[in-house]
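Asks: I'd like to ask some things about the structure below.
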Amino acid sequence: GIEKEVYDSAIVLTRDLFNRVQKAETITVKQIYRLALLIINYISNLQNDALTHVGKGRDTDRLAVHSVNTAILTAFTSVNLKLRGRELIDTVSGALMHDLGILFLNESARDEEIAKHTQIGYGYLRRIIQHPLLIKPALEHHEKARGNGYPYRITLDKMGLSSRIVAVCDSYDNQLSFIKFGSDISIHYDKDEFLSWDRKDYDM
């Protein structure tokens with residue numbers, strides 16, 4: 001149906017944008033905003049379908065799928081927090097681009113190298129975009145409210161609003177993806193796992 005076409009189109013557009021980055025081609029804010037607006041309109045018009053697709057996921061184009069899923073969850077959360085206009089678009093755009101740094105890592109990268117994807121992605125975005133709500137999630141989405149995250153171990157009061165939203169949505173989709181693709185455990189177990197997290201680690 002139309003809802004699957006929209007979801008798949010968002011993944012294709014995200015994958016194509018990531019491919020441009022890997023080829024050292026220029027990407028623009030306009031291209032990122034186009035994707036963000038597609039997702040915002042998607043969740044506005046097809047809310048239940050959007051969440052269904054996040055729950056089902058896809059086992060191909062994993063980075064693009066995760067980025068789109070995180071953006072969908074971020075759009076839902078942001079709308080419920082009454083974000084509107086440019087603030088909403090920048091926050092959803094930040095969710096789409098939050099893992100951009102992974103594109104610059106080798107497949108054989110070790111944990112300490114993978115952790116650098118936050119700084120790499122932020123550095124790339126900062127060179128082409130000057131919108132804090134859009135670029136900060138790339139740097140801060142693995143920070144924790146109590147200051148035990150990375151890369152800078154900052155606390156909640158130092159994290160930007162978009163980063164706090166994306167951190168929760170990113171973690172949730174990562175957990176959901178592990179369960180979808182790592183075992184046959186149901187989505188209901190995943191919800192219980194999510195609710196068992198330490199709320200002090202997030203802005204919840």
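Just remember, in the structure tokens the first chain shown is A, the second B, etc., residues are 1-based per chain, and ligands are 1-based in the order shown.
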Which range 48-144 of chain A residues have any atom within 7 Å of an atom of range 41-44 of chain A, and for each, what is the nearest pair of atoms with distance in Å to one decimal, counting only C-alpha atoms, rows sorted by chain and number, as CSV?

Replies:
residue,atom,partner,partner_atom,distance
A:Ala50,CA,A:Ile43,CA,6.0
A:Ile72,CA,A:Ile43,CA,7.0
A:Phe76,CA,A:Ile43,CA,6.9

Asks: Could the residues in this selection be written to a file with N, CA and C atoms, as a compact mmCIF listing (two decimals), in the first residue's frame?

Replies:
# COMPACT_ATOMS: atom_id res chain seq x y z
N ALA A 50 3.27 3.88 10.36
CA ALA A 50 4.66 4.27 10.60
C ALA A 50 5.25 3.45 11.74
N ILE A 72 11.57 8.41 12.53
CA ILE A 72 10.13 8.25 12.74
C ILE A 72 9.79 8.37 14.22
N PHE A 76 7.53 11.38 16.10
CA PHE A 76 6.43 11.15 17.03
C PHE A 76 6.68 11.86 18.35

Asks: As an exercise, work out the distance from CA of Leu161 in chain A to CA of Asn80 in chain A in Å and give it to one decimal place.

Replies: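 Here the two named atoms are 13.7 Å from each other.
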
Asks: Closest to Ser93 in chain A among A:His141, A:Lys30, A:Arg62, A:Arg153, using only C-alpha atoms?

Replies: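 Closest to Ser93 in chain A, using only C-alpha atoms: A:Lys30.
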
Asks: Which residues come within 10 Å of Asp99 in chain A, counting only C-alpha atoms, excluding same-chain residues fewer than 4 positions away, as a list in words?

Replies: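 Once the adjacent positions are removed, what remains is Leu63, Ala64, His66, Ser67, Gly94, Ala95, Leu103, His117, Thr118, Ile120, Gly121, Tyr122, Pro137, Ala138, Leu139, His141 and Asp170 of chain A.
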
Asks: Could you pull out the alpha helix (DSSP H) residues of range 84-189 of chain A from DSSP and send them as a compact mmCIF listing (two decimals) with all heavy atoms, in the first residue's frame?

Replies:
# COMPACT_ATOMS: atom_id res chain seq x y z
N GLY A 85 7.53 23.64 13.27
CA GLY A 85 8.31 24.42 12.33
C GLY A 85 9.74 23.98 12.20
O GLY A 85 10.06 22.79 12.14
N ARG A 86 10.65 24.94 12.15
CA ARG A 86 12.07 24.68 11.95
C ARG A 86 12.65 23.80 13.05
O ARG A 86 13.50 22.94 12.81
CB ARG A 86 12.80 26.02 11.88
CG ARG A 86 14.30 25.98 11.90
CD ARG A 86 14.90 25.48 10.61
NE ARG A 86 16.34 25.65 10.67
CZ ARG A 86 16.97 26.79 10.39
NH1 ARG A 86 16.31 27.86 9.99
NH2 ARG A 86 18.29 26.86 10.47
N GLU A 87 12.20 23.98 14.29
CA GLU A 87 12.68 23.18 15.40
C GLU A 87 12.37 21.70 15.18
O GLU A 87 13.22 20.83 15.41
CB GLU A 87 12.06 23.67 16.71
CG GLU A 87 12.67 23.06 17.96
CD GLU A 87 12.10 23.65 19.24
OE1 GLU A 87 10.91 24.04 19.22
OE2 GLU A 87 12.82 23.70 20.25
N LEU A 88 11.17 21.41 14.71
CA LEU A 88 10.77 20.04 14.43
C LEU A 88 11.57 19.47 13.27
O LEU A 88 12.09 18.34 13.35
CB LEU A 88 9.27 19.98 14.12
CG LEU A 88 8.72 18.64 13.65
CD1 LEU A 88 8.90 17.57 14.72
CD2 LEU A 88 7.23 18.78 13.29
N ILE A 89 11.70 20.21 12.20
CA ILE A 89 12.42 19.74 11.01
C ILE A 89 13.89 19.48 11.34
O ILE A 89 14.46 18.46 10.94
CB ILE A 89 12.31 20.76 9.86
CG1 ILE A 89 10.84 20.90 9.43
CG2 ILE A 89 13.16 20.33 8.67
CD1 ILE A 89 10.60 22.05 8.47
N ASP A 90 14.52 20.39 12.08
CA ASP A 90 15.93 20.21 12.44
C ASP A 90 16.13 18.98 13.33
O ASP A 90 17.11 18.25 13.19
CB ASP A 90 16.47 21.45 13.15
CG ASP A 90 16.93 22.52 12.17
OD1 ASP A 90 16.92 22.27 10.96
OD2 ASP A 90 17.29 23.62 12.63
N THR A 91 15.20 18.76 14.26
CA THR A 91 15.34 17.62 15.17
C THR A 91 15.19 16.30 14.44
O THR A 91 15.97 15.37 14.65
CB THR A 91 14.30 17.73 16.31
OG1 THR A 91 14.53 18.95 17.04
CG2 THR A 91 14.40 16.56 17.27
N VAL A 92 14.20 16.20 13.55
CA VAL A 92 14.02 14.98 12.75
C VAL A 92 15.20 14.80 11.80
O VAL A 92 15.69 13.68 11.59
CB VAL A 92 12.69 15.02 12.00
CG1 VAL A 92 12.54 13.80 11.09
CG2 VAL A 92 11.52 15.07 12.98
N SER A 93 15.71 15.89 11.25
CA SER A 93 16.89 15.82 10.38
C SER A 93 18.09 15.31 11.17
O SER A 93 18.89 14.50 10.66
CB SER A 93 17.21 17.20 9.80
OG SER A 93 16.17 17.65 8.95
N GLY A 94 18.21 15.77 12.41
CA GLY A 94 19.31 15.30 13.26
C GLY A 94 19.23 13.81 13.53
O GLY A 94 20.25 13.12 13.59
N ALA A 95 18.00 13.29 13.66
CA ALA A 95 17.82 11.85 13.85
C ALA A 95 18.25 11.09 12.60
O ALA A 95 18.89 10.03 12.70
CB ALA A 95 16.36 11.55 14.17
N LEU A 96 17.92 11.61 11.44
CA LEU A 96 18.32 10.96 10.19
C LEU A 96 19.84 10.88 10.05
O LEU A 96 20.38 9.91 9.53
CB LEU A 96 17.74 11.72 9.01
CG LEU A 96 16.27 11.47 8.68
CD1 LEU A 96 15.74 12.55 7.74
CD2 LEU A 96 16.08 10.09 8.06
N MET A 97 20.53 11.91 10.52
CA MET A 97 21.97 12.01 10.32
C MET A 97 22.79 11.57 11.53
O MET A 97 24.02 11.63 11.51
CB MET A 97 22.34 13.46 9.99
CG MET A 97 21.76 13.99 8.68
SD MET A 97 22.49 13.21 7.23
CE MET A 97 21.11 12.18 6.67
N ASP A 111 35.68 -1.68 19.03
CA ASP A 111 34.74 -0.89 19.81
C ASP A 111 35.22 0.54 20.02
O ASP A 111 34.45 1.50 19.89
CB ASP A 111 34.47 -1.55 21.16
CG ASP A 111 33.62 -2.80 21.03
OD1 ASP A 111 33.06 -3.02 19.93
OD2 ASP A 111 33.53 -3.56 22.01
N GLU A 112 36.49 0.71 20.38
CA GLU A 112 37.00 2.05 20.66
C GLU A 112 37.01 2.91 19.39
O GLU A 112 36.87 4.13 19.46
CB GLU A 112 38.39 1.99 21.29
CG GLU A 112 39.46 1.34 20.43
CD GLU A 112 39.59 -0.15 20.68
OE1 GLU A 112 38.61 -0.76 21.17
OE2 GLU A 112 40.67 -0.69 20.38
N GLU A 113 37.17 2.27 18.24
CA GLU A 113 37.13 3.00 16.97
C GLU A 113 35.69 3.33 16.60
O GLU A 113 35.39 4.43 16.12
CB GLU A 113 37.78 2.18 15.86
CG GLU A 113 39.27 1.95 16.08
CD GLU A 113 39.84 0.92 15.13
OE1 GLU A 113 39.15 -0.10 14.87
OE2 GLU A 113 40.95 1.14 14.62
N ILE A 114 34.79 2.39 16.84
CA ILE A 114 33.37 2.61 16.55
C ILE A 114 32.84 3.78 17.37
O ILE A 114 32.03 4.58 16.89
CB ILE A 114 32.56 1.33 16.82
CG1 ILE A 114 32.95 0.25 15.81
CG2 ILE A 114 31.06 1.61 16.74
CD1 ILE A 114 32.36 -1.12 16.11
N HIS A 117 32.55 7.33 16.01
CA HIS A 117 31.61 7.73 14.95
C HIS A 117 30.83 8.98 15.33
O HIS A 117 30.41 9.74 14.46
CB HIS A 117 30.65 6.58 14.60
CG HIS A 117 29.52 6.39 15.57
ND1 HIS A 117 29.66 5.70 16.75
CD2 HIS A 117 28.22 6.80 15.52
CE1 HIS A 117 28.49 5.68 17.38
NE2 HIS A 117 27.60 6.35 16.66
N THR A 118 30.69 9.22 16.64
CA THR A 118 29.96 10.42 17.07
C THR A 118 30.71 11.69 16.68
O THR A 118 30.13 12.63 16.14
CB THR A 118 29.73 10.40 18.59
OG1 THR A 118 30.99 10.25 19.26
CG2 THR A 118 28.82 9.25 18.98
N GLN A 119 32.00 11.70 16.95
CA GLN A 119 32.81 12.88 16.62
C GLN A 119 33.03 13.02 15.12
O GLN A 119 33.03 14.13 14.59
CB GLN A 119 34.16 12.78 17.35
CG GLN A 119 34.02 12.88 18.86
CD GLN A 119 35.20 12.26 19.58
OE1 GLN A 119 35.46 11.06 19.47
NE2 GLN A 119 35.93 13.07 20.33
N ILE A 120 33.19 11.89 14.44
CA ILE A 120 33.40 11.93 12.99
C ILE A 120 32.16 12.47 12.28
O ILE A 120 32.25 13.34 11.41
CB ILE A 120 33.75 10.52 12.47
CG1 ILE A 120 35.10 10.07 13.04
CG2 ILE A 120 33.79 10.51 10.94
CD1 ILE A 120 35.40 8.59 12.79
N GLY A 121 31.00 11.96 12.65
CA GLY A 121 29.76 12.42 12.03
C GLY A 121 29.49 13.88 12.30
O GLY A 121 29.10 14.63 11.40
N TYR A 122 29.72 14.28 13.55
CA TYR A 122 29.52 15.69 13.91
C TYR A 122 30.48 16.59 13.14
O TYR A 122 30.09 17.65 12.63
CB TYR A 122 29.73 15.86 15.41
CG TYR A 122 29.67 17.29 15.89
CD1 TYR A 122 28.47 17.99 15.92
CD2 TYR A 122 30.83 17.95 16.32
CE1 TYR A 122 28.41 19.30 16.36
CE2 TYR A 122 30.77 19.25 16.78
CZ TYR A 122 29.57 19.92 16.79
OH TYR A 122 29.52 21.23 17.23
N GLY A 123 31.73 16.17 13.03
CA GLY A 123 32.71 16.96 12.30
C GLY A 123 32.33 17.14 10.85
O GLY A 123 32.48 18.23 10.29
N TYR A 124 31.81 16.07 10.24
CA TYR A 124 31.38 16.16 8.84
C TYR A 124 30.21 17.13 8.70
O TYR A 124 30.21 18.02 7.84
CB TYR A 124 30.97 14.78 8.33
CG TYR A 124 30.46 14.79 6.91
CD1 TYR A 124 31.33 14.60 5.84
CD2 TYR A 124 29.11 15.01 6.62
CE1 TYR A 124 30.87 14.62 4.53
CE2 TYR A 124 28.65 15.04 5.33
CZ TYR A 124 29.52 14.84 4.28
OH TYR A 124 29.06 14.88 2.99
N LEU A 125 29.19 16.97 9.54
CA LEU A 125 28.01 17.81 9.44
C LEU A 125 28.33 19.28 9.73
O LEU A 125 27.78 20.18 9.09
CB LEU A 125 26.93 17.31 10.40
CG LEU A 125 26.27 15.97 10.03
CD1 LEU A 125 25.40 15.48 11.18
CD2 LEU A 125 25.44 16.11 8.76
N ARG A 126 29.20 19.50 10.68
CA ARG A 126 29.53 20.88 11.06
C ARG A 126 30.18 21.64 9.92
O ARG A 126 30.07 22.86 9.83
CB ARG A 126 30.44 20.87 12.29
CG ARG A 126 30.65 22.25 12.90
CD ARG A 126 31.43 22.17 14.18
NE ARG A 126 32.73 21.52 14.00
CZ ARG A 126 33.64 21.38 14.96
NH1 ARG A 126 33.36 21.81 16.18
NH2 ARG A 126 34.79 20.80 14.73
N ARG A 127 30.85 20.91 9.02
CA ARG A 127 31.49 21.57 7.89
C ARG A 127 30.50 22.04 6.83
O ARG A 127 30.80 22.94 6.05
CB ARG A 127 32.52 20.62 7.24
CG ARG A 127 33.76 20.42 8.08
CD ARG A 127 34.87 19.75 7.28
NE ARG A 127 34.52 18.37 6.93
CZ ARG A 127 34.78 17.32 7.70
NH1 ARG A 127 35.38 17.49 8.88
NH2 ARG A 127 34.47 16.11 7.30
N ILE A 128 29.32 21.42 6.81
CA ILE A 128 28.36 21.78 5.75
C ILE A 128 27.09 22.44 6.27
O ILE A 128 26.33 23.03 5.50
CB ILE A 128 27.98 20.55 4.91
CG1 ILE A 128 27.27 19.49 5.76
CG2 ILE A 128 29.19 19.95 4.22
CD1 ILE A 128 26.67 18.35 4.96
N PRO A 132 22.52 23.92 15.03
CA PRO A 132 22.83 23.08 16.20
C PRO A 132 21.85 21.93 16.43
O PRO A 132 22.27 20.82 16.77
CB PRO A 132 22.80 24.08 17.36
CG PRO A 132 23.17 25.38 16.74
CD PRO A 132 22.52 25.36 15.37
N LEU A 133 20.55 22.17 16.27
CA LEU A 133 19.58 21.11 16.51
C LEU A 133 19.77 19.95 15.55
O LEU A 133 19.44 18.80 15.86
CB LEU A 133 18.15 21.64 16.40
CG LEU A 133 17.61 22.48 17.56
CD1 LEU A 133 16.24 23.03 17.22
CD2 LEU A 133 17.54 21.65 18.83
N LEU A 134 20.29 20.24 14.37
CA LEU A 134 20.50 19.21 13.36
C LEU A 134 21.80 18.45 13.58
O LEU A 134 21.85 17.23 13.44
CB LEU A 134 20.48 19.85 11.96
CG LEU A 134 20.24 18.94 10.75
CD1 LEU A 134 19.89 19.78 9.52
CD2 LEU A 134 21.41 18.04 10.43
N ILE A 135 22.86 19.15 13.93
CA ILE A 135 24.17 18.50 13.99
C ILE A 135 24.53 17.92 15.36
O ILE A 135 25.30 16.97 15.46
CB ILE A 135 25.29 19.44 13.50
CG1 ILE A 135 25.47 20.63 14.45
CG2 ILE A 135 25.01 19.91 12.09
CD1 ILE A 135 26.62 21.56 14.04
N LYS A 136 23.96 18.46 16.43
CA LYS A 136 24.35 18.00 17.77
C LYS A 136 23.99 16.53 18.07
O LYS A 136 24.74 15.84 18.78
CB LYS A 136 23.74 18.92 18.85
CG LYS A 136 24.50 20.21 19.08
CD LYS A 136 25.91 19.91 19.58
CE LYS A 136 26.67 21.18 19.96
NZ LYS A 136 26.15 21.80 21.18
N PRO A 137 22.86 15.99 17.57
CA PRO A 137 22.58 14.59 17.86
C PRO A 137 23.66 13.63 17.38
O PRO A 137 23.90 12.59 18.01
CB PRO A 137 21.25 14.33 17.12
CG PRO A 137 20.57 15.66 17.15
CD PRO A 137 21.70 16.65 16.93
N ALA A 138 24.34 13.97 16.28
CA ALA A 138 25.43 13.12 15.80
C ALA A 138 26.51 12.99 16.86
O ALA A 138 27.10 11.92 17.05
CB ALA A 138 26.01 13.69 14.51
N LEU A 139 26.76 14.05 17.60
CA LEU A 139 27.81 14.07 18.62
C LEU A 139 27.33 13.51 19.95
O LEU A 139 28.08 12.83 20.65
CB LEU A 139 28.31 15.50 18.82
CG LEU A 139 29.44 15.71 19.84
CD1 LEU A 139 30.71 15.02 19.36
CD2 LEU A 139 29.68 17.20 20.07
N GLU A 140 26.09 13.77 20.30
CA GLU A 140 25.63 13.55 21.67
C GLU A 140 24.67 12.38 21.87
O GLU A 140 24.23 12.14 23.00
CB GLU A 140 24.97 14.84 22.19
CG GLU A 140 25.91 16.02 22.24
CD GLU A 140 25.25 17.32 22.67
OE1 GLU A 140 23.99 17.37 22.72
OE2 GLU A 140 25.97 18.28 22.96
N LEU A 161 18.38 19.76 23.26
CA LEU A 161 17.05 19.13 23.25
C LEU A 161 16.97 18.05 22.18
O LEU A 161 16.50 16.94 22.44
CB LEU A 161 15.98 20.18 23.00
CG LEU A 161 14.55 19.65 22.81
CD1 LEU A 161 14.07 18.93 24.07
CD2 LEU A 161 13.60 20.79 22.43
N SER A 162 17.43 18.34 20.98
CA SER A 162 17.34 17.35 19.91
C SER A 162 18.17 16.11 20.26
O SER A 162 17.76 14.98 19.97
CB SER A 162 17.80 17.94 18.58
OG SER A 162 19.13 18.44 18.66
N SER A 163 19.31 16.30 20.90
CA SER A 163 20.15 15.17 21.28
C SER A 163 19.46 14.30 22.32
O SER A 163 19.56 13.06 22.28
CB SER A 163 21.48 15.67 21.85
OG SER A 163 22.18 16.45 20.92
N ARG A 164 18.76 14.90 23.26
CA ARG A 164 18.08 14.12 24.30
C ARG A 164 16.96 13.28 23.70
O ARG A 164 16.75 12.13 24.11
CB ARG A 164 17.54 15.07 25.38
CG ARG A 164 18.64 15.89 26.03
CD ARG A 164 18.25 16.53 27.34
NE ARG A 164 16.99 17.22 27.37
CZ ARG A 164 16.84 18.56 27.28
NH1 ARG A 164 17.90 19.33 27.08
NH2 ARG A 164 15.67 19.11 27.38
N ILE A 165 16.26 13.85 22.74
CA ILE A 165 15.18 13.10 22.08
C ILE A 165 15.76 11.96 21.25
O ILE A 165 15.31 10.81 21.35
CB ILE A 165 14.33 14.04 21.19
CG1 ILE A 165 13.61 15.08 22.04
CG2 ILE A 165 13.32 13.23 20.37
CD1 ILE A 165 12.93 16.17 21.23
N VAL A 166 16.76 12.27 20.44
CA VAL A 166 17.34 11.26 19.55
C VAL A 166 18.00 10.14 20.34
O VAL A 166 17.94 8.96 19.95
CB VAL A 166 18.33 11.90 18.56
CG1 VAL A 166 19.07 10.83 17.75
CG2 VAL A 166 17.60 12.86 17.61
N ALA A 167 18.62 10.46 21.49
CA ALA A 167 19.28 9.43 22.31
C ALA A 167 18.30 8.34 22.72
O ALA A 167 18.62 7.14 22.65
CB ALA A 167 19.91 10.08 23.54
N VAL A 168 17.10 8.71 23.15
CA VAL A 168 16.10 7.73 23.56
C VAL A 168 15.62 6.92 22.35
O VAL A 168 15.54 5.68 22.40
CB VAL A 168 14.90 8.42 24.24
CG1 VAL A 168 13.80 7.40 24.54
CG2 VAL A 168 15.33 9.10 25.52
N CYS A 169 15.31 7.61 21.25
CA CYS A 169 14.77 6.94 20.07
C CYS A 169 15.80 6.03 19.41
O CYS A 169 15.48 4.93 18.95
CB CYS A 169 14.26 7.98 19.07
SG CYS A 169 12.88 8.97 19.72
N ASP A 170 17.05 6.47 19.39
CA ASP A 170 18.14 5.65 18.86
C ASP A 170 18.31 4.38 19.69
O ASP A 170 18.42 3.27 19.16
CB ASP A 170 19.43 6.47 18.86
CG ASP A 170 20.68 5.61 18.66
OD1 ASP A 170 20.81 5.02 17.59
OD2 ASP A 170 21.50 5.56 19.58
N SER A 171 18.33 4.52 20.99
CA SER A 171 18.51 3.37 21.88
C SER A 171 17.36 2.39 21.75
O SER A 171 17.56 1.17 21.74
CB SER A 171 18.64 3.83 23.34
OG SER A 171 19.81 4.59 23.51
N TYR A 172 16.16 2.92 21.64
CA TYR A 172 15.00 2.03 21.51
C TYR A 172 15.05 1.24 20.21
O TYR A 172 14.84 0.03 20.19
CB TYR A 172 13.69 2.82 21.58
CG TYR A 172 12.48 1.92 21.48
CD1 TYR A 172 12.17 1.05 22.52
CD2 TYR A 172 11.69 1.89 20.34
CE1 TYR A 172 11.08 0.20 22.44
CE2 TYR A 172 10.62 1.04 20.24
CZ TYR A 172 10.30 0.20 21.29
OH TYR A 172 9.24 -0.65 21.19
N ASP A 173 15.36 1.91 19.09
CA ASP A 173 15.40 1.17 17.83
C ASP A 173 16.57 0.19 17.79
O ASP A 173 16.44 -0.90 17.23
CB ASP A 173 15.49 2.11 16.62
CG ASP A 173 15.31 1.35 15.32
OD1 ASP A 173 14.22 0.78 15.11
OD2 ASP A 173 16.26 1.29 14.52
N ASN A 174 17.69 0.54 18.41
CA ASN A 174 18.80 -0.41 18.51
C ASN A 174 18.39 -1.66 19.28
O ASN A 174 18.70 -2.78 18.89
CB ASN A 174 20.01 0.24 19.19
CG ASN A 174 20.85 1.04 18.23
OD1 ASN A 174 20.90 0.74 17.04
ND2 ASN A 174 21.51 2.06 18.73
N GLN A 175 17.68 -1.47 20.37
CA GLN A 175 17.22 -2.60 21.18
C GLN A 175 16.21 -3.43 20.38
O GLN A 175 16.27 -4.66 20.36
CB GLN A 175 16.57 -2.09 22.46
CG GLN A 175 15.99 -3.17 23.36
CD GLN A 175 17.05 -3.89 24.15
OE1 GLN A 175 18.23 -3.66 23.97
NE2 GLN A 175 16.63 -4.79 25.02
N LEU A 176 15.31 -2.77 19.71
CA LEU A 176 14.30 -3.46 18.92
C LEU A 176 14.95 -4.23 17.78
O LEU A 176 14.58 -5.37 17.48
CB LEU A 176 13.31 -2.43 18.36
CG LEU A 176 12.04 -2.94 17.68
CD1 LEU A 176 11.22 -3.77 18.66
CD2 LEU A 176 11.21 -1.77 17.17
N SER A 177 15.95 -3.64 17.14
CA SER A 177 16.63 -4.31 16.03
C SER A 177 17.37 -5.55 16.51
O SER A 177 17.39 -6.58 15.83
CB SER A 177 17.62 -3.35 15.36
OG SER A 177 16.93 -2.31 14.70
N PHE A 178 17.98 -5.47 17.69
CA PHE A 178 18.69 -6.63 18.23
C PHE A 178 17.72 -7.79 18.42
O PHE A 178 18.02 -8.94 18.10
CB PHE A 178 19.35 -6.29 19.57
CG PHE A 178 19.93 -7.49 20.26
CD1 PHE A 178 21.15 -8.01 19.86
CD2 PHE A 178 19.25 -8.12 21.29
CE1 PHE A 178 21.68 -9.14 20.49
CE2 PHE A 178 19.77 -9.23 21.92
CZ PHE A 178 21.00 -9.74 21.52
N ILE A 179 16.55 -7.49 18.90
CA ILE A 179 15.57 -8.54 19.15
C ILE A 179 14.97 -9.05 17.83
O ILE A 179 14.80 -10.23 17.64
CB ILE A 179 14.49 -8.03 20.12
CG1 ILE A 179 15.11 -7.98 21.52
CG2 ILE A 179 13.27 -8.92 20.10
CD1 ILE A 179 14.22 -7.39 22.56
N LYS A 180 14.71 -8.14 16.89
CA LYS A 180 14.14 -8.56 15.60
C LYS A 180 15.11 -9.47 14.86
O LYS A 180 14.71 -10.49 14.32
CB LYS A 180 13.86 -7.33 14.72
CG LYS A 180 12.62 -6.54 15.08
CD LYS A 180 12.18 -5.69 13.91
CE LYS A 180 13.22 -4.69 13.47
NZ LYS A 180 13.25 -3.48 14.26
N PHE A 181 16.37 -9.07 14.81
CA PHE A 181 17.30 -9.78 13.96
C PHE A 181 18.22 -10.73 14.73
O PHE A 181 18.91 -11.54 14.13
CB PHE A 181 18.15 -8.77 13.17
CG PHE A 181 17.30 -7.83 12.38
CD1 PHE A 181 17.34 -6.46 12.61
CD2 PHE A 181 16.45 -8.30 11.40
CE1 PHE A 181 16.55 -5.59 11.88
CE2 PHE A 181 15.65 -7.44 10.66
CZ PHE A 181 15.70 -6.08 10.90
N GLY A 182 18.22 -10.66 16.05
CA GLY A 182 19.10 -11.50 16.83
C GLY A 182 18.43 -12.72 17.42
O GLY A 182 19.07 -13.64 17.87
N ILE A 187 8.14 -8.50 20.12
CA ILE A 187 8.23 -7.06 20.38
C ILE A 187 7.76 -6.74 21.79
O ILE A 187 8.20 -5.76 22.39
CB ILE A 187 7.41 -6.28 19.33
CG1 ILE A 187 7.70 -4.77 19.46
CG2 ILE A 187 5.93 -6.55 19.47
CD1 ILE A 187 7.05 -3.94 18.35
N HIS A 188 6.90 -7.58 22.37
CA HIS A 188 6.40 -7.32 23.71
C HIS A 188 7.51 -7.48 24.75
O HIS A 188 7.57 -6.75 25.72
CB HIS A 188 5.23 -8.26 24.02
CG HIS A 188 4.09 -8.11 23.07
ND1 HIS A 188 3.33 -6.97 23.03
CD2 HIS A 188 3.63 -8.91 22.10
CE1 HIS A 188 2.42 -7.09 22.09
NE2 HIS A 188 2.58 -8.25 21.49
N TYR A 189 8.40 -8.41 24.52
CA TYR A 189 9.56 -8.55 25.40
C TYR A 189 10.43 -7.31 25.29
O TYR A 189 10.93 -6.80 26.28
CB TYR A 189 10.36 -9.79 25.02
CG TYR A 189 11.63 -9.96 25.83
CD1 TYR A 189 11.60 -10.54 27.09
CD2 TYR A 189 12.85 -9.52 25.34
CE1 TYR A 189 12.75 -10.70 27.84
CE2 TYR A 189 14.02 -9.67 26.08
CZ TYR A 189 13.95 -10.26 27.33
OH TYR A 189 15.10 -10.40 28.05

Asks: Between CA of Ala109 in chain A and CA of Leu156 in chain A, what distance in Å does the model show, to one decimal?

Replies: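 Interatomic distance, CA of Ala109 in chain A to CA of Leu156 in chain A: 28.9 Å.
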
Asks: Using only C-alpha atoms, which protein or nucleic acid residues come within 12 Å of range 3-10 of chain A? Drop anything in the same chain fewer than 3 positions from it, and give the result as a count of residues only.

Replies: 43

Asks: Measure the distance from CA of Pro151 in chain A to CA of Ile102 in chain A in Å and round it to one decimal.

Replies: 14.5 Å
